[in-house]
2 protein chains.
Amino acid sequence: MEHPGWEPRRVVAVEPVLPEGVTPPGTRGRILQEALALFAEAGFAGTSIRQIGSAVGINSATLYAHYPSKEHVLAALVTIGHEEMHARLAEAVERTRQDGPAERLTALVRAHVLIHTDFPLLALVTNGEIHALSPEQAEPALALRHACWQFLLDVVEDGVARGDFAVPDVLLAAGAISAMGVRVPAWFGPDQAFTREQVARDYAEFALRIVGASAPPRS
Amino acid sequence: MEHPGWEPRRVVAVEPVLPEGVTPPGTRGRILQEALALFAEAGFAGTSIRQIGSAVGINSATLYAHYPSKEHVLAALVTIGHEEMHARLAEAVERTRQDGPAERLTALVRAHVLIHTDFPLLALVTNGEIHALSPEQAEPALALRHACWQFLLDVVEDGVARGDFAVPDVLLAAGAISAMGVRVPAWFGPDQAFTREQVARDYAEFALRIVGASAPPRS
DNA sequence: GTCTATATTAGGATAGAC
DNA sequence: GTCTATCCTAATATAGAC
């Protein structure tokens, strides 16, 4: 019961893309990029400092001139991922502040899906390897994560309060909507038939259907 | 944009439950149970053979009297997980073979959700750590996985062909439905407000809404 | 089946030269 | 900033006694 185009690798995407503007210049940035690709494929614990160095083209010891430990490399990636996610969702919330629940939910789900299509490796590492961080290193990211979850919850709750949405349970509905986007990196990639726009449009439609705000024609 | 009750651990559940009847007796079974708990928490690469032995209460060397390698322990778990998943879904498919698409989809989603509520650790390891296996070790499980995916695809396609379902895209709809269940172990656990029945019922309803077969009352 | 002891390799991280 | 060399620990796995 897996996803379209699933294959026996952890990720489909290949290019370790990071958001523009936030990647540090020079070797520091290249370390992040190569670590991202390796962490996404084999996990944090399954990746050695020597592998990262060799992928970057430097000696493993040189890495410590840029980051004090392997964990700090992961922490940098997790921070970037959560900040980009929060920034995009906050923008969607802000842009549709005056609109109704259905428009706001659409914008939020679209943003959520698109960050997973645009940065699949980063999303995977951000969500899946944060547990490898110490509580202190993870805490700021967890705060952003909670804020993102609250964005979604607020919209669904408001839609229900206004009578625009009808769900058996708000938390379960929001969890289902979130799950759709979170799983996107497991199957979305260059060798597959869908465009990012298509996925964003259809998943936004599914979200509306989940909350009972879109009734497609019945036969 | 995470799930209800999410916390900074990889899993919420504690008890490393395995399906009845398939767990080998004695030390072999205890090794599987403890390895399951450890793999779920820290991943395959993040768990050492010494940790497993110490959790079981045996010396790490003794483990090799039962399994030839750490990878074989994981392979046993991945096999159990996929076989249980396939068995439950096949039972749901078989039981509703004479029914319409909506009933069949309901039964399938219910079974999919319930296996994730009943064996959250096993589902997590089965889905998330299979990539750590060699292709030969992973192949039988991948075949079962594909069969499970086909169960879902068949129902959705049949529903569309009969005009009972209306979706913008069959693969994206099936992927969304599958994603809901796959994420359940990330938040479902003993310290949370929902029963397994509640989640199964509501997620089956969401699946029907996704395929356009359930239109809730609008205000 | 289980232990102690150990071989062997790999891993994270540091020291110090250039 | 980058290298070579190295320390130290922990990892998988095996040998052989009981």
# chains A, B, ... in the order shown; residues from 1 in each chain; ligands from 1
>>> interface_residues(of="chain B", to="chain D", cutoff="9 Å", atoms="only C-alpha atoms (C1' of nucleotides)", output="list in words")
Ser48, Ile49, Arg50, Ala61, Tyr64, Ser69 and Lys70 of chain B
>>> write_last_selection(atoms="C-alpha atoms", output="compact mmCIF listing (two decimals), in the first residue's frame")
# COMPACT_ATOMS: atom_id res chain seq x y z
CA SER B 48 24.26 -1.70 17.87
CA ILE B 49 24.31 -5.42 18.30
CA ARG B 50 25.47 -4.80 21.86
CA ALA B 61 28.01 -12.76 20.90
CA TYR B 64 24.98 -14.84 16.48
CA SER B 69 24.02 -10.87 11.32
CA LYS B 70 22.28 -7.70 12.43
>>> interface_residues(of="chain A", to="chain B", cutoff="8 Å", atoms="only C-alpha atoms", output="ChimeraX atom specification")
/A:1-4,8-10,42-43,45-46,130-132,142,145-152,163-166,168-169,171-180,183,199,202-203,206-207,209-210,212-213,215-219
>>> interface_residues(of="chain C", to="chain B", cutoff="10 Å", atoms="only C-alpha atoms (C1' of nucleotides)", output="VMD selection string")
chain C and resid 1 to 4
>>> select_by_dssp(residues="stretch 37-207 of chain B", states="alpha helix (DSSP H)", output="PyMOL selection string")
chain B and resi 37-42+49-56+70-95+101-118+120-128+135-162+170-182+196-207
